[in-house]
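Working notes, structure below.
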Amino acid sequence: MVLNPDRSSPTIAVSVTYDVGSRNEGPGQSGFAHLFEHMMFQGSQHVKKGEHFGLISERGGSLNGTTSADRTNYYEFLPASELELALFLEADRMRWLTVNTDNFENQRAVVKEEYRMRVDNAPYAKAHMRLGELTFADYFPYSRSTIGSMQDLDAAKLEWVAKFHSDHYAPNNAVVTVAGDFETDRALELIQKYFGAAARQNVPAFDNKIPDAPKKFSREVVEDKNAATPGILWAYRIPPARHKDHYAIELVAQILSDGESSRLHQKLVRDRASLQSVSAWTDDRRGPDMFGLMGILTEKGKLAEVEKAFDAELASMAKTPPTDEELTRAKSRLKHSFVFGLQSNAKRAIRLGEYEVYFGDARLLTRELSAYLAVTAADVQRVTQEYLKPGLRFEVEVQPIKKAATAPSKGAK
């Protein structure tokens with residue numbers, strides 16, 4: 001458990017982070033972790049279906065759950081007087097979740113509808129998924145999207161899903177985090193009261209063997225009925241989050257695309273109007289990670305010119321370190337984002353729980369900002385040279401599907 005008292009606001013946040021994500025799914029199980037995020041709100045032994053939401057909202061609180069490749073998280077944000085309610089609700093569904101046919105079929109349908117909305121009907125979404133599949137093709141835990149596939153969701157059986165829950169939803173595979181206005185002794189007493197009798201499970205071991213970064217360049221074209229203009233997505237395999245080089249690669253992303261003063265925004269969005277938008281990012285995974293670069297073209301944009309500009313900017317950064325002004329600006333924006341992201345009890349509880357699950361010590365979060373600020377211009381140049389080479393790149397080109405012209409009806413003039 002992680003306890004983080006903060007008396008500055010009369011609120012508390014409770015977060016339960018389970019060490020299970022899509023990386024733990026076996027063949028044919030894609031989407032199971034995400035499906036269980038939904039199942040966990042369908043009632044438990046002492047809480048009726050839908051009652052979890054009602055009990056929290058009646059007290060002026062909020063709640064949610066999220067799933068990633070590396071973990072599943074549930075949290076409540078409430079007035080400080082409601083700490084016991086949040087802990088009771090989380091413990092009840094950890095110990096006695098209602099896993100039955102009705103709930104399973106209902107939530108399978110919900111997840112499939114979410115897939116249609118977020119993937120089938122969202123521009124560039126399938127290209128994003130394909131980029132991840134290419135980047136992690138030789139590393140099965142990350143080779144599939146967290147949302148899963150329609151095929152695996154259709155084939156899933158209730159007993160498979162129930163076993164997934166019993167294998168992973170246990171106190172020895174979870175971290176309870178409390179952040180906000182509370183008494184430490186009282187929090188410990190309540191956590192023991194509600195979670196103390198929860199049965200430990202033999203959690204399946206995770207194969208953490210990380211393969212060498214692939215050396216083969218690959219490119220695919222994805223046709224997209226939802227895209228109005230072409231797009232280009234690039235990716236490179238990079239070290240895991242908290243690796244010493246990862247901090248410098250994150251600053252590469254900042255310098256390239258974060259804000260209107262970033263290099264690619266200035267050149268391709270503002271000056272040339274070749275792109276509607278441009279972004280660079282890291283996924284911040286606990287296993288091998290990905291550096292991504294994406295541009296969505298304008299009507300006048302030319303794909304070859306955009307790719308040439310991407311290449312030229314990476315080559316420039318590999319040849320010449322960023323200026324002091326660029327590095328200072330990037331660090332300032334990153335510092336602001338990092339500090340602001342920990343201001344609320346809910347956000348802080350979530351991050352602390354993740355660090356305890358991922359790295360075994362939530363206190364490591366307090367060292368992150370200094371690691372970013374210690375990155376030098378030479379570090380940025382070096383990681384660009386080492387990890388962002390053209391031969392290590394995976395590419396997905398997005399092309400809109402051209403709609404067939406409608407033939408004029410008979411007699412039309």
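Following the order of the structure tokens, first chain is A, next is B, and so on, with residues numbered from 1 inside each chain and ligands from 1 in the order they appear.
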
Query raised in the report: Any idea what's packed within 8 Å of region 113-118 of chain A, counting only C-alpha atoms, ignoring anything in its chain fewer than 5 positions away? Could you give it as a PyMOL selection string?
Result: chain A and resi 125+147+150

**Report entry** Exercise: Ala318 (chain A) partners within 6 Å, only C-alpha atoms, chain neighbours under 2 positions left out, as an NGL selection string
**Finding:** :A and (315-316 or 320 or 381 or 384-385)

Query raised in the report: Do you know which residues are at most 6 Å from Asp181 (chain A) counting only C-alpha atoms, after dropping those on the same chain fewer than 2 positions away, and could you put them as a PyMOL selection string?
Result: chain A and resi 5-7+10-12+80

Go ahead and save the residues from that selection, with C-alpha atoms, as a compact mmCIF listing (two decimals), in the first residue's frame.
```txt
# COMPACT_ATOMS: atom_id res chain seq x y z
CA PRO A 5 -1.33 12.48 3.36
CA ASP A 6 -2.00 16.01 2.11
CA ARG A 7 -4.13 18.34 4.26
CA PRO A 10 -10.57 18.25 2.42
CA THR A 11 -10.69 15.45 -0.15
CA ILE A 12 -9.28 11.96 -0.55
CA ALA A 80 -12.32 13.28 3.05
```

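For region 20-85 of chain A, a DSSP pass over the backbone yields strand (DSSP E or B) at Ser44, Val47, Ser62, Leu63, Asn64, Gly65, Thr66, Thr67, Thr72, Asn73, Tyr74, Tyr75, Glu76, Phe77, Leu78 and Pro79 of chain A.
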
Query raised in the report: Can you list, as a list in words, every protein, DNA or RNA residue that comes within 9 Å of Ile191 (chain A) when you count only C-alpha atoms, leaving out same-chain residues fewer than 4 positions away?
Result: Met1, Glu84, Leu87, Phe88, Ala91, Val176, Arg186, Ala187, Phe195 and Gly196 of chain A

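The shortest atom-to-atom distance to Ser370 (chain A), with only C-alpha atoms taken into account, belongs to A:Leu334 out of A:Ala199, A:Leu334, A:Leu256, A:Ile56.
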
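Reported to one decimal place, the separation of CA of Lys347 (chain A) from CA of Pro141 (chain A) is 26.4 Å.
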
Query raised in the report: Could you pull the residues within 8 Å of region 272-275 of chain A, counting only C-alpha atoms, minus those fewer than 6 positions along the same chain, as number ranges by chain?
Result: A: 295-302, 306

Export of prior selection with N, CA and C atoms as a PDB file, in the first residue's frame:
```
ATOM      1  N   GLY A 295       2.024  12.879 -38.426  1.00  0.00           N
ATOM      2  CA  GLY A 295       1.579  14.099 -39.087  1.00  0.00           C
ATOM      3  C   GLY A 295       0.306  13.825 -39.869  1.00  0.00           C
ATOM      4  N   ILE A 296      -0.667  14.727 -39.755  1.00  0.00           N
ATOM      5  CA  ILE A 296      -1.901  14.652 -40.538  1.00  0.00           C
ATOM      6  C   ILE A 296      -1.864  15.769 -41.572  1.00  0.00           C
ATOM      7  N   LEU A 297      -1.922  15.413 -42.837  1.00  0.00           N
ATOM      8  CA  LEU A 297      -1.709  16.362 -43.909  1.00  0.00           C
ATOM      9  C   LEU A 297      -2.899  17.288 -44.128  1.00  0.00           C
ATOM     10  N   THR A 298      -2.606  18.466 -44.643  1.00  0.00           N
ATOM     11  CA  THR A 298      -3.643  19.355 -45.144  1.00  0.00           C
ATOM     12  C   THR A 298      -3.982  18.942 -46.571  1.00  0.00           C
ATOM     13  N   GLU A 299      -4.967  19.611 -47.158  1.00  0.00           N
ATOM     14  CA  GLU A 299      -5.333  19.312 -48.547  1.00  0.00           C
ATOM     15  C   GLU A 299      -4.180  19.573 -49.503  1.00  0.00           C
ATOM     16  N   LYS A 300      -3.348  20.564 -49.186  1.00  0.00           N
ATOM     17  CA  LYS A 300      -2.228  20.912 -50.071  1.00  0.00           C
ATOM     18  C   LYS A 300      -0.948  20.161 -49.726  1.00  0.00           C
ATOM     19  N   GLY A 301      -0.930  19.443 -48.616  1.00  0.00           N
ATOM     20  CA  GLY A 301       0.282  18.777 -48.172  1.00  0.00           C
ATOM     21  C   GLY A 301       0.682  17.612 -49.064  1.00  0.00           C
ATOM     22  N   LYS A 302       1.984  17.429 -49.221  1.00  0.00           N
ATOM     23  CA  LYS A 302       2.524  16.325 -50.009  1.00  0.00           C
ATOM     24  C   LYS A 302       3.251  15.359 -49.073  1.00  0.00           C
ATOM     25  N   VAL A 306       6.585  15.927 -46.506  1.00  0.00           N
ATOM     26  CA  VAL A 306       6.484  15.821 -45.045  1.00  0.00           C
ATOM     27  C   VAL A 306       7.492  14.813 -44.511  1.00  0.00           C
TER      28      VAL A 306
END
```

Query raised in the report: Can you list every residue in region 64-214 of chain A that DSSP puts in alpha helix (DSSP H), as an NGL selection string?
Result: :A and (83-96 or 101-115 or 125-135 or 150-155 or 158-168 or 184-195)

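You will find CA of Val278 (chain A) at 23.3 Å from CA of Arg382 (chain A).
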
Requested in this report: Excluding region 59-62 of chain A and residues on its chain fewer than 5 positions from it, collect all residues at most 9 Å away from it, counting only C-alpha atoms, and give them as a ChimeraX atom specification.
Outcome: /A:53-54,75-79,82

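Proximity ranking of A:Ser68, A:Thr282, A:Ser57, A:Thr366 relative to Ile238 (chain A) places A:Thr282 first, based on only C-alpha atoms.
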
Requested in this report: Find the spatial neighbours of Leu233 (chain A), counting only C-alpha atoms, within a cut-off of 10 Å - ignore same-chain residues fewer than 6 positions away - and output them as a list in words.
Outcome: Tyr124, Ala127, His128, Arg130, Leu131, Arg219, Val278, Ser279, Ala280, Gly292, Leu293, Met294, Gly295, Ile296, Glu307, Phe394, Glu395, Val396, Glu397 and Val398 of chain A

Query raised in the report: Which of these, A:Leu268, A:Ala346, A:Leu392, A:Ala13, has the shortest distance to Ser218 (chain A) once you count only C-alpha atoms?
Result: A:Leu392

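Rounded to one decimal, CA of Ala170 (chain A) and CA of Arg93 (chain A) lie 10.4 Å from each other.
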
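If you measure from each of A:Met317, A:Ile401, A:Val375, A:Ile350 to Thr66 (chain A) using only C-alpha atoms, the closest one turns out to be A:Ile350.
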
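Proximity ranking of A:Glu133, A:Asp207, A:Asp379, A:Glu223 relative to Arg23 (chain A) places A:Asp207 first, based on only C-alpha atoms.
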